[in-house]
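Below: one structure, written as structure tokens.
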Amino acid sequence: MSLKVAIVGAGLIGPRHAQSVISNSSTELTALVDPAPTGEATASQLKTNYYHTVAALLASTHRPDAAIVCTPNHTHVPVAKELLAGGVHVLLEKPVSDTLETGRSLLEFAQAPERAHLKLLVGHHRRFNPYVRATKSVLDRGSLGRPIAVNGLWTLYKPDAYFAPPGDWRASRTRGGGVIPINLVHDIDLMHHLFGPIVRVQAERTLPQRPSPPHDADEGAALTLRFASGVVGTFLVCDATPSPHNFETGTGENPLIPRSPTGDGSDFCRIFGSDASFSVPDLTRWSYDGRLEKSWSHPLTVDTIPLPDDAAPFDLQLAHFVDVVRGTATPSCSGEDGLRALIVCEAVQKAMQTGQPVEIDVDLLAQSKS
Ligand SMILES: NC(=O)c1ccc[n+]([C@@H]2O[C@H](COP(=O)([O-])OP(=O)(O)OC[C@H]3O[C@@H](n4cnc5c(N)ncnc54)[C@H](O)[C@@H]3O)[C@@H](O)[C@H]2O)c1
Ligand SMILES: *[C@@H]1O[C@H](CO)[C@@H](O)[C@H](O)[C@H]1NC(C)=O
Ligand SMILES: *[C@@H]1O[C@H](CO)[C@@H](O)[C@H](O)[C@H]1NC(C)=O
């Protein structure tokens, strides 16, 4: 039986998810929900049923098994709660919420016993990027030995036009702008995916390059990270320097940001293990395999890991959602993982302000329980 899936929010990204649902024979697109006047036309282009509101959808004969929520950030929590209350599994676009408080309230709501059978996933689809899949499998098969440290970069240059209305909120810290919540959040989620939870951060702010006012959002920082596993990391983030060393330029995943002209040359992540180290996106592994011993006095052995299939991350994410709903997989990015990325971003901002290390409780709901 195919899974009935509704898309909630038909702006930029909703129709892309709809295409994945249509193209997978395990899923059936049952409806599209969007209160905007353009919603009905989008639904008819997708040859699906149209509803103004989630409430109307839930009361209809097209009630779905699962929904993908692609609405503006501040509506994620209320829309997800309404769907869960209606017995619908939810894949929620990132970020999980616009504030930590509402994010925590969603997790508590989703974990209530009467809803414990329902799945809540967060759409950090980069986890399904081929470079990330390659890196994760290198780590999971122990090919680097015990992971010791990670060194990451997200550096590039954003032009003035990016901060012009209607994007002027991006220059404002209080309106959710700045490189930490907008960009670093993705790298934090990837590091969580690869190494598990971050439990302590320290941060030093970069020299501001843009005029204030109007710019009061963060431009960058040098970070020190400690993971619960004992892995340590450093990470440099800055959106005011011309540089190819970032996920988008390195992998070419975002059509608006051209891939590096040097191809794999623009590295953005290096991982160090007890047996080998690895760099991304060139997927090069450095070891002493085949040598008499591990020693700096021998030449390193260099291998390149092949990229896996180039299946679209949105298609893989949908297939994973189906598997989770059917009970054959556990969520790659759960609601808790989505919230954890936001909590670490907030900790980074606090560390930048105070100059002090900030500890993060592995139990995310600890604060609201106490
Ligand atoms: N994973 C990704 O690559 C990716 C890319 C873009 C956006 N996103 C995320 O997806 C979300 C949507 O982004 P977008 O760029 O498509 O935004 P958008 O503004 O283009 O579209 C949002 C749509 O939601 C509709 N909407 C608002 N309230 C609604 C409600 N209560 N019920 C149903 N529909 C409602 C709006 O009318 C609009 O059509 C954001 O949270 C964003 O962070 C993710
Ligand atoms: C919220 O959603 C938009 C897409 O509409 C995205 O570009 C932005 O980064 C998100 N905001 C935050 C603070 O994460
Ligand atoms: C559709 O989803 C199923 C379930 O996860 C998966 O096995 C299959 O490969 C997917 N099909 C496509 C075309 O992505």
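All residue names refer to the structure tokens as shown: chains lettered A, B, ... in order, residues numbered from 1 in each chain, ligands numbered from 1 in order.
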With only C-alpha atoms as the counted atoms, please give the residues lying no more than 12 Å from Glu108 (chain A), apart from itself and same-chain residues fewer than 6 positions off, as a short mmCIF file (atom, residue, chain, number, x, y, z; two decimals) with all heavy atoms, in the first residue's frame.
data_model
loop_
_atom_site.label_atom_id
_atom_site.label_comp_id
_atom_site.auth_asym_id
_atom_site.auth_seq_id
_atom_site.Cartn_x
_atom_site.Cartn_y
_atom_site.Cartn_z
N VAL A 77 6.17 25.00 14.10
CA VAL A 77 5.70 24.31 15.31
C VAL A 77 4.17 24.19 15.34
O VAL A 77 3.65 23.07 15.50
CB VAL A 77 6.29 24.97 16.58
CG1 VAL A 77 5.59 24.47 17.83
CG2 VAL A 77 7.79 24.69 16.64
N LYS A 81 2.31 20.55 15.05
CA LYS A 81 1.46 20.07 16.15
C LYS A 81 0.06 19.72 15.65
O LYS A 81 -0.53 18.71 16.07
CB LYS A 81 1.34 21.14 17.24
CG LYS A 81 2.56 21.23 18.16
CD LYS A 81 2.30 22.26 19.25
CE LYS A 81 3.46 22.33 20.22
NZ LYS A 81 3.30 23.46 21.17
N LEU A 84 0.29 16.37 13.85
CA LEU A 84 0.49 15.26 14.79
C LEU A 84 -0.79 14.99 15.58
O LEU A 84 -1.18 13.83 15.78
CB LEU A 84 1.65 15.57 15.74
CG LEU A 84 3.05 15.59 15.13
CD1 LEU A 84 4.06 16.21 16.10
CD2 LEU A 84 3.52 14.18 14.72
N GLU A 101 12.22 27.68 22.72
CA GLU A 101 11.05 27.36 23.57
C GLU A 101 9.99 26.62 22.76
O GLU A 101 9.48 25.60 23.19
CB GLU A 101 10.44 28.66 24.15
CG GLU A 101 11.31 29.36 25.18
CD GLU A 101 12.65 29.86 24.64
OE1 GLU A 101 12.72 30.31 23.46
OE2 GLU A 101 13.65 29.78 25.38
N THR A 102 9.67 27.15 21.58
CA THR A 102 8.64 26.47 20.78
C THR A 102 9.17 25.12 20.28
O THR A 102 8.41 24.15 20.20
CB THR A 102 8.17 27.34 19.59
OG1 THR A 102 9.29 27.70 18.80
CG2 THR A 102 7.45 28.59 20.05
N GLU A 114 0.10 9.35 23.78
CA GLU A 114 -0.92 9.11 22.75
C GLU A 114 -0.40 9.37 21.33
O GLU A 114 -1.04 9.01 20.36
CB GLU A 114 -2.19 9.93 23.04
CG GLU A 114 -2.04 11.44 22.95
CD GLU A 114 -1.58 12.11 24.26
OE1 GLU A 114 -0.89 11.44 25.08
OE2 GLU A 114 -1.88 13.30 24.44
N ARG A 115 0.77 10.02 21.24
CA ARG A 115 1.33 10.30 19.91
C ARG A 115 2.66 9.58 19.68
O ARG A 115 3.31 9.81 18.67
CB ARG A 115 1.54 11.81 19.75
CG ARG A 115 0.25 12.57 19.49
CD ARG A 115 0.49 14.05 19.34
NE ARG A 115 0.74 14.67 20.63
CZ ARG A 115 -0.21 15.16 21.43
NH1 ARG A 115 -1.46 15.13 21.05
NH2 ARG A 115 0.09 15.68 22.60
N ALA A 116 3.04 8.74 20.62
CA ALA A 116 4.37 8.12 20.56
C ALA A 116 4.56 7.28 19.30
O ALA A 116 5.69 7.05 18.86
CB ALA A 116 4.62 7.29 21.80
N LEU A 120 8.33 12.10 13.83
CA LEU A 120 8.64 13.51 13.52
C LEU A 120 10.09 13.55 13.04
O LEU A 120 11.00 13.18 13.78
CB LEU A 120 8.47 14.37 14.78
CG LEU A 120 8.95 15.82 14.66
CD1 LEU A 120 8.14 16.61 13.64
CD2 LEU A 120 8.90 16.52 16.02
N GLY A 335 13.32 15.11 15.48
CA GLY A 335 13.00 16.42 16.02
C GLY A 335 14.06 16.86 17.02
O GLY A 335 14.48 18.02 17.07
N GLU A 336 14.54 15.90 17.80
CA GLU A 336 15.58 16.20 18.79
C GLU A 336 16.87 16.66 18.11
O GLU A 336 17.51 17.62 18.54
CB GLU A 336 15.83 14.94 19.62
CG GLU A 336 16.83 15.14 20.71
CD GLU A 336 16.83 14.00 21.72
OE1 GLU A 336 15.73 13.59 22.15
OE2 GLU A 336 17.92 13.53 22.05
N LEU A 339 16.41 20.21 16.93
CA LEU A 339 16.49 21.17 18.04
C LEU A 339 17.94 21.29 18.54
O LEU A 339 18.40 22.38 18.88
CB LEU A 339 15.56 20.73 19.17
CG LEU A 339 15.51 21.67 20.38
CD1 LEU A 339 14.96 23.05 19.98
CD2 LEU A 339 14.64 21.08 21.49
N LEU A 364 18.21 17.24 25.94
CA LEU A 364 17.73 18.55 25.48
C LEU A 364 16.54 19.08 26.24
O LEU A 364 16.30 20.26 26.29
CB LEU A 364 17.33 18.46 24.00
CG LEU A 364 18.47 18.11 23.06
CD1 LEU A 364 17.98 18.15 21.64
CD2 LEU A 364 19.63 19.07 23.27
N LEU A 365 15.76 18.16 26.82
CA LEU A 365 14.56 18.62 27.51
C LEU A 365 14.84 18.85 28.99
O LEU A 365 13.95 19.21 29.74
CB LEU A 365 13.40 17.65 27.29
CG LEU A 365 12.95 17.53 25.83
CD1 LEU A 365 11.84 16.51 25.68
CD2 LEU A 365 12.49 18.87 25.26
N ALA A 366 16.11 18.68 29.39
CA ALA A 366 16.46 18.81 30.81
C ALA A 366 16.01 20.16 31.36
O ALA A 366 15.42 20.24 32.43
CB ALA A 366 17.97 18.65 30.99
N SER A 368 13.65 22.22 30.40
CA SER A 368 12.22 22.45 30.58
C SER A 368 11.64 21.52 31.65
O SER A 368 10.58 21.79 32.20
CB SER A 368 11.47 22.30 29.25
OG SER A 368 11.77 21.07 28.65
N LYS A 369 12.35 20.40 31.94
CA LYS A 369 11.87 19.49 33.00
C LYS A 369 12.11 20.09 34.37
O LYS A 369 11.33 19.90 35.28
CB LYS A 369 12.59 18.14 32.91
CG LYS A 369 11.98 17.18 31.89
CD LYS A 369 12.81 15.89 31.85
CE LYS A 369 12.76 15.22 30.49
NZ LYS A 369 14.01 14.53 30.18
#
Please, which residues have at least one atom within 7 Å of an atom of ligand 2, using only C-alpha atoms and all ligand atoms, listed as a PyMOL selection string?
-> chain A and resi 72-73+95+98+176-177+181-182
Would you kindly return, as a list in words, each protein, DNA or RNA residue with an atom no farther than 9 Å from any atom of region 39-46 of chain A, considering only C-alpha atoms and excluding same-chain residues fewer than 5 positions away?
->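 Counting only the stated atoms, we get Gly9, Ala10, Gly11, Pro15, Ala18, Gln19, Ile22, Leu29, Ala31, Leu32, Val33, Asp34, Tyr51 and His52 of chain A.
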Neighbours of ligand 3 within 9 Å, counting only C-alpha atoms and all ligand atoms, as a VMD selection string?
-> chain A and resid 20 to 21 23 to 27 311 to 312 315 to 324 326
Could you pull out the residues in region 125-214 of chain A that DSSP calls alpha helix (DSSP H) from the backbone, as JSON, numbers by chain?
-> {"A": [130, 131, 132, 133, 134, 135, 136, 137, 138, 139, 140, 179, 185, 186, 187, 188, 189, 190, 191, 192, 193, 194, 195]}
Just-selected residues, N, CA and C atoms written as a CSV table (one decimal), in the first residue's frame:
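And here is the file that came out, out_21.csv:
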chain,number,residue,atom,x,y,z
A,130,PRO,N,25.6,13.3,-1.5
A,130,PRO,CA,26.5,12.2,-1.8
A,130,PRO,C,27.8,12.3,-1.0
A,131,TYR,N,28.4,13.6,-0.9
A,131,TYR,CA,29.7,13.7,-0.2
A,131,TYR,C,29.5,13.4,1.3
A,132,VAL,N,28.3,13.8,1.8
A,132,VAL,CA,28.1,13.5,3.2
A,132,VAL,C,27.9,12.0,3.4
A,133,ARG,N,27.2,11.3,2.5
A,133,ARG,CA,27.0,9.9,2.6
A,133,ARG,C,28.3,9.2,2.5
A,134,ALA,N,29.2,9.6,1.6
A,134,ALA,CA,30.5,9.0,1.5
A,134,ALA,C,31.3,9.1,2.8
A,135,THR,N,31.3,10.3,3.4
A,135,THR,CA,32.0,10.6,4.6
A,135,THR,C,31.5,9.8,5.8
A,136,LYS,N,30.2,9.7,5.9
A,136,LYS,CA,29.5,9.0,6.9
A,136,LYS,C,29.9,7.5,6.8
A,137,SER,N,29.9,7.0,5.6
A,137,SER,CA,30.2,5.5,5.5
A,137,SER,C,31.7,5.2,5.8
A,138,VAL,N,32.6,6.2,5.4
A,138,VAL,CA,34.0,6.0,5.8
A,138,VAL,C,34.1,5.9,7.3
A,139,LEU,N,33.4,6.8,8.0
A,139,LEU,CA,33.5,6.8,9.5
A,139,LEU,C,32.8,5.5,10.1
A,140,ASP,N,31.6,5.2,9.5
A,140,ASP,CA,30.9,4.0,10.1
A,140,ASP,C,31.6,2.7,9.9
A,179,VAL,N,25.2,34.8,10.1
A,179,VAL,CA,25.7,33.5,9.6
A,179,VAL,C,25.6,32.3,10.5
A,185,VAL,N,24.2,26.6,11.1
A,185,VAL,CA,23.3,25.5,11.6
A,185,VAL,C,23.4,24.2,10.8
A,186,HIS,N,23.7,24.4,9.4
A,186,HIS,CA,23.8,23.2,8.6
A,186,HIS,C,25.1,22.4,8.9
A,187,ASP,N,26.2,23.2,9.1
A,187,ASP,CA,27.4,22.5,9.4
A,187,ASP,C,27.3,21.8,10.8
A,188,ILE,N,26.7,22.5,11.7
A,188,ILE,CA,26.5,21.9,13.1
A,188,ILE,C,25.7,20.6,12.9
A,189,ASP,N,24.6,20.6,12.1
A,189,ASP,CA,23.8,19.4,12.0
A,189,ASP,C,24.7,18.3,11.3
A,190,LEU,N,25.5,18.6,10.4
A,190,LEU,CA,26.4,17.6,9.7
A,190,LEU,C,27.4,17.1,10.7
A,191,MET,N,28.0,17.9,11.6
A,191,MET,CA,28.9,17.4,12.6
A,191,MET,C,28.2,16.5,13.6
A,192,HIS,N,27.0,16.9,13.9
A,192,HIS,CA,26.2,16.0,14.8
A,192,HIS,C,26.0,14.6,14.2
A,193,HIS,N,25.6,14.7,12.9
A,193,HIS,CA,25.4,13.5,12.1
A,193,HIS,C,26.7,12.6,12.1
A,194,LEU,N,27.8,13.2,11.9
A,194,LEU,CA,29.1,12.4,11.8
A,194,LEU,C,29.7,12.0,13.1
A,195,PHE,N,29.5,12.9,14.2
A,195,PHE,CA,30.3,12.6,15.4
A,195,PHE,C,29.4,12.6,16.7
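Among the candidates A:Pro159, A:Pro147, A:Gly167, A:Pro244, the one nearest to ligand 1 when counting only C-alpha atoms and all ligand atoms is A:Gly167.
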Residues flagged strand (DSSP E or B) by DSSP in region 144-232 of chain A, as number ranges by chain = A: 147-155, 157, 198-205, 220-227, 232
Write out as a ChimeraX atom specification which residues come within 6 Å of region 245-248 of chain A when counting only C-alpha atoms, dropping same-chain ones fewer than 2 positions away.
-> /A:153-155,243,250-254,266-268
Save the residues we just selected, all heavy atoms, as a PDB file, in the first residue's frame?
ATOM      1  N   LEU A 153      35.383  24.360   7.745  1.00  0.00           N
ATOM      2  CA  LEU A 153      35.347  25.740   7.257  1.00  0.00           C
ATOM      3  C   LEU A 153      34.009  26.025   6.590  1.00  0.00           C
ATOM      4  O   LEU A 153      33.504  25.173   5.836  1.00  0.00           O
ATOM      5  CB  LEU A 153      36.422  25.956   6.182  1.00  0.00           C
ATOM      6  CG  LEU A 153      37.879  25.856   6.587  1.00  0.00           C
ATOM      7  CD1 LEU A 153      38.744  25.697   5.338  1.00  0.00           C
ATOM      8  CD2 LEU A 153      38.276  27.119   7.348  1.00  0.00           C
ATOM      9  N   TRP A 154      33.460  27.220   6.861  1.00  0.00           N
ATOM     10  CA  TRP A 154      32.370  27.722   6.019  1.00  0.00           C
ATOM     11  C   TRP A 154      32.661  29.198   5.810  1.00  0.00           C
ATOM     12  O   TRP A 154      32.286  30.043   6.641  1.00  0.00           O
ATOM     13  CB  TRP A 154      30.987  27.523   6.646  1.00  0.00           C
ATOM     14  CG  TRP A 154      29.918  27.708   5.592  1.00  0.00           C
ATOM     15  CD1 TRP A 154      29.408  26.760   4.765  1.00  0.00           C
ATOM     16  CD2 TRP A 154      29.251  28.936   5.239  1.00  0.00           C
ATOM     17  NE1 TRP A 154      28.491  27.322   3.903  1.00  0.00           N
ATOM     18  CE2 TRP A 154      28.367  28.638   4.172  1.00  0.00           C
ATOM     19  CE3 TRP A 154      29.321  30.248   5.702  1.00  0.00           C
ATOM     20  CZ2 TRP A 154      27.557  29.604   3.577  1.00  0.00           C
ATOM     21  CZ3 TRP A 154      28.524  31.215   5.104  1.00  0.00           C
ATOM     22  CH2 TRP A 154      27.649  30.883   4.060  1.00  0.00           C
ATOM     23  N   THR A 155      33.404  29.477   4.762  1.00  0.00           N
ATOM     24  CA  THR A 155      33.837  30.843   4.496  1.00  0.00           C
ATOM     25  C   THR A 155      33.482  31.198   3.065  1.00  0.00           C
ATOM     26  O   THR A 155      33.770  30.437   2.134  1.00  0.00           O
ATOM     27  CB  THR A 155      35.359  30.966   4.703  1.00  0.00           C
ATOM     28  OG1 THR A 155      36.022  29.929   3.975  1.00  0.00           O
ATOM     29  CG2 THR A 155      35.733  30.849   6.169  1.00  0.00           C
ATOM     30  N   SER A 243      35.995  33.346  -0.680  1.00  0.00           N
ATOM     31  CA  SER A 243      36.654  32.068  -0.385  1.00  0.00           C
ATOM     32  C   SER A 243      35.834  30.913  -0.957  1.00  0.00           C
ATOM     33  O   SER A 243      34.598  30.949  -0.934  1.00  0.00           O
ATOM     34  CB  SER A 243      36.777  31.899   1.138  1.00  0.00           C
ATOM     35  OG  SER A 243      36.892  30.531   1.480  1.00  0.00           O
ATOM     36  N   GLY A 250      32.171  23.836  -2.429  1.00  0.00           N
ATOM     37  CA  GLY A 250      32.913  22.581  -2.525  1.00  0.00           C
ATOM     38  C   GLY A 250      32.127  21.462  -3.188  1.00  0.00           C
ATOM     39  O   GLY A 250      32.687  20.644  -3.909  1.00  0.00           O
ATOM     40  N   THR A 251      30.812  21.419  -2.935  1.00  0.00           N
ATOM     41  CA  THR A 251      30.024  20.297  -3.468  1.00  0.00           C
ATOM     42  C   THR A 251      29.149  20.693  -4.653  1.00  0.00           C
ATOM     43  O   THR A 251      28.648  19.818  -5.356  1.00  0.00           O
ATOM     44  CB  THR A 251      29.077  19.716  -2.386  1.00  0.00           C
ATOM     45  OG1 THR A 251      28.105  20.728  -2.066  1.00  0.00           O
ATOM     46  CG2 THR A 251      29.838  19.321  -1.126  1.00  0.00           C
ATOM     47  N   GLY A 252      28.894  21.986  -4.829  1.00  0.00           N
ATOM     48  CA  GLY A 252      28.003  22.414  -5.908  1.00  0.00           C
ATOM     49  C   GLY A 252      26.545  22.086  -5.631  1.00  0.00           C
ATOM     50  O   GLY A 252      25.732  22.017  -6.544  1.00  0.00           O
ATOM     51  N   GLU A 253      26.168  21.905  -4.350  1.00  0.00           N
ATOM     52  CA  GLU A 253      24.799  21.479  -4.048  1.00  0.00           C
ATOM     53  C   GLU A 253      23.751  22.565  -4.266  1.00  0.00           C
ATOM     54  O   GLU A 253      22.583  22.267  -4.469  1.00  0.00           O
ATOM     55  CB  GLU A 253      24.684  20.969  -2.606  1.00  0.00           C
ATOM     56  CG  GLU A 253      24.757  22.052  -1.556  1.00  0.00           C
ATOM     57  CD  GLU A 253      23.567  22.091  -0.587  1.00  0.00           C
ATOM     58  OE1 GLU A 253      22.899  21.058  -0.411  1.00  0.00           O
ATOM     59  OE2 GLU A 253      23.323  23.160  -0.018  1.00  0.00           O
ATOM     60  N   ASN A 254      24.155  23.843  -4.198  1.00  0.00           N
ATOM     61  CA  ASN A 254      23.185  24.932  -4.335  1.00  0.00           C
ATOM     62  C   ASN A 254      23.363  25.591  -5.704  1.00  0.00           C
ATOM     63  O   ASN A 254      24.415  26.150  -5.986  1.00  0.00           O
ATOM     64  CB  ASN A 254      23.429  25.950  -3.209  1.00  0.00           C
ATOM     65  CG  ASN A 254      22.421  27.098  -3.231  1.00  0.00           C
ATOM     66  OD1 ASN A 254      21.809  27.382  -4.268  1.00  0.00           O
ATOM     67  ND2 ASN A 254      22.267  27.758  -2.097  1.00  0.00           N
ATOM     68  N   SER A 266      38.502  22.692  -3.364  1.00  0.00           N
ATOM     69  CA  SER A 266      38.165  23.652  -2.312  1.00  0.00           C
ATOM     70  C   SER A 266      37.674  22.939  -1.060  1.00  0.00           C
ATOM     71  O   SER A 266      36.484  22.862  -0.792  1.00  0.00           O
ATOM     72  CB  SER A 266      37.142  24.646  -2.817  1.00  0.00           C
ATOM     73  OG  SER A 266      35.903  24.045  -2.933  1.00  0.00           O
ATOM     74  N   ASP A 267      38.621  22.400  -0.324  1.00  0.00           N
ATOM     75  CA  ASP A 267      38.243  21.585   0.833  1.00  0.00           C
ATOM     76  C   ASP A 267      37.557  22.417   1.911  1.00  0.00           C
ATOM     77  O   ASP A 267      37.830  23.591   2.070  1.00  0.00           O
ATOM     78  CB  ASP A 267      39.477  20.903   1.420  1.00  0.00           C
ATOM     79  CG  ASP A 267      40.501  21.916   1.866  1.00  0.00           C
ATOM     80  OD1 ASP A 267      41.065  22.632   0.999  1.00  0.00           O
ATOM     81  OD2 ASP A 267      40.733  22.019   3.078  1.00  0.00           O
ATOM     82  N   PHE A 268      36.633  21.786   2.630  1.00  0.00           N
ATOM     83  CA  PHE A 268      35.949  22.473   3.732  1.00  0.00           C
ATOM     84  C   PHE A 268      35.908  21.634   4.997  1.00  0.00           C
ATOM     85  O   PHE A 268      35.394  22.084   6.015  1.00  0.00           O
ATOM     86  CB  PHE A 268      34.532  22.911   3.326  1.00  0.00           C
ATOM     87  CG  PHE A 268      33.662  21.793   2.825  1.00  0.00           C
ATOM     88  CD1 PHE A 268      32.999  20.959   3.713  1.00  0.00           C
ATOM     89  CD2 PHE A 268      33.502  21.567   1.466  1.00  0.00           C
ATOM     90  CE1 PHE A 268      32.199  19.930   3.261  1.00  0.00           C
ATOM     91  CE2 PHE A 268      32.693  20.525   1.002  1.00  0.00           C
ATOM     92  CZ  PHE A 268      32.044  19.715   1.900  1.00  0.00           C
TER      93      PHE A 268
END
Just the residues within 9 Å of Arg210 (chain A), please, counting only C-alpha atoms, with nothing from its chain fewer than 4 positions along; format it as an MDAnalysis selection string.
-> chainID A and resid 214:216 219 240
Grab the atom 16 (O, counted along the ligand's line) of ligand 1 to CA of Ala171 (chain A) distance for me, in Å with one decimal place.
->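 That distance, rounded to one decimal, is 20.5 Å.
When only C-alpha atoms are used to measure the gap to Ala55 (chain A), the shortest distance among A:Trp169, A:Arg205, A:Gly103, A:Ala80 belongs to A:Ala80.
Separating CA of Thr224 (chain A) from CA of Cys345 (chain A) is a distance of 12.9 Å.
Going from CA of Leu118 (chain A) to CA of Val96 (chain A) covers 16.3 Å.
You can rank A:Leu58, A:Leu156, A:Ser274, A:Arg226 by their closest distance to Ser260 (chain A) using only C-alpha atoms, and at the top of that list sits A:Leu156.
The smallest atom-to-atom distance between Asp289 (chain A) and any of A:His62, A:Glu359, A:Ala351, A:Gly145, using only C-alpha atoms, is found for A:Gly145.
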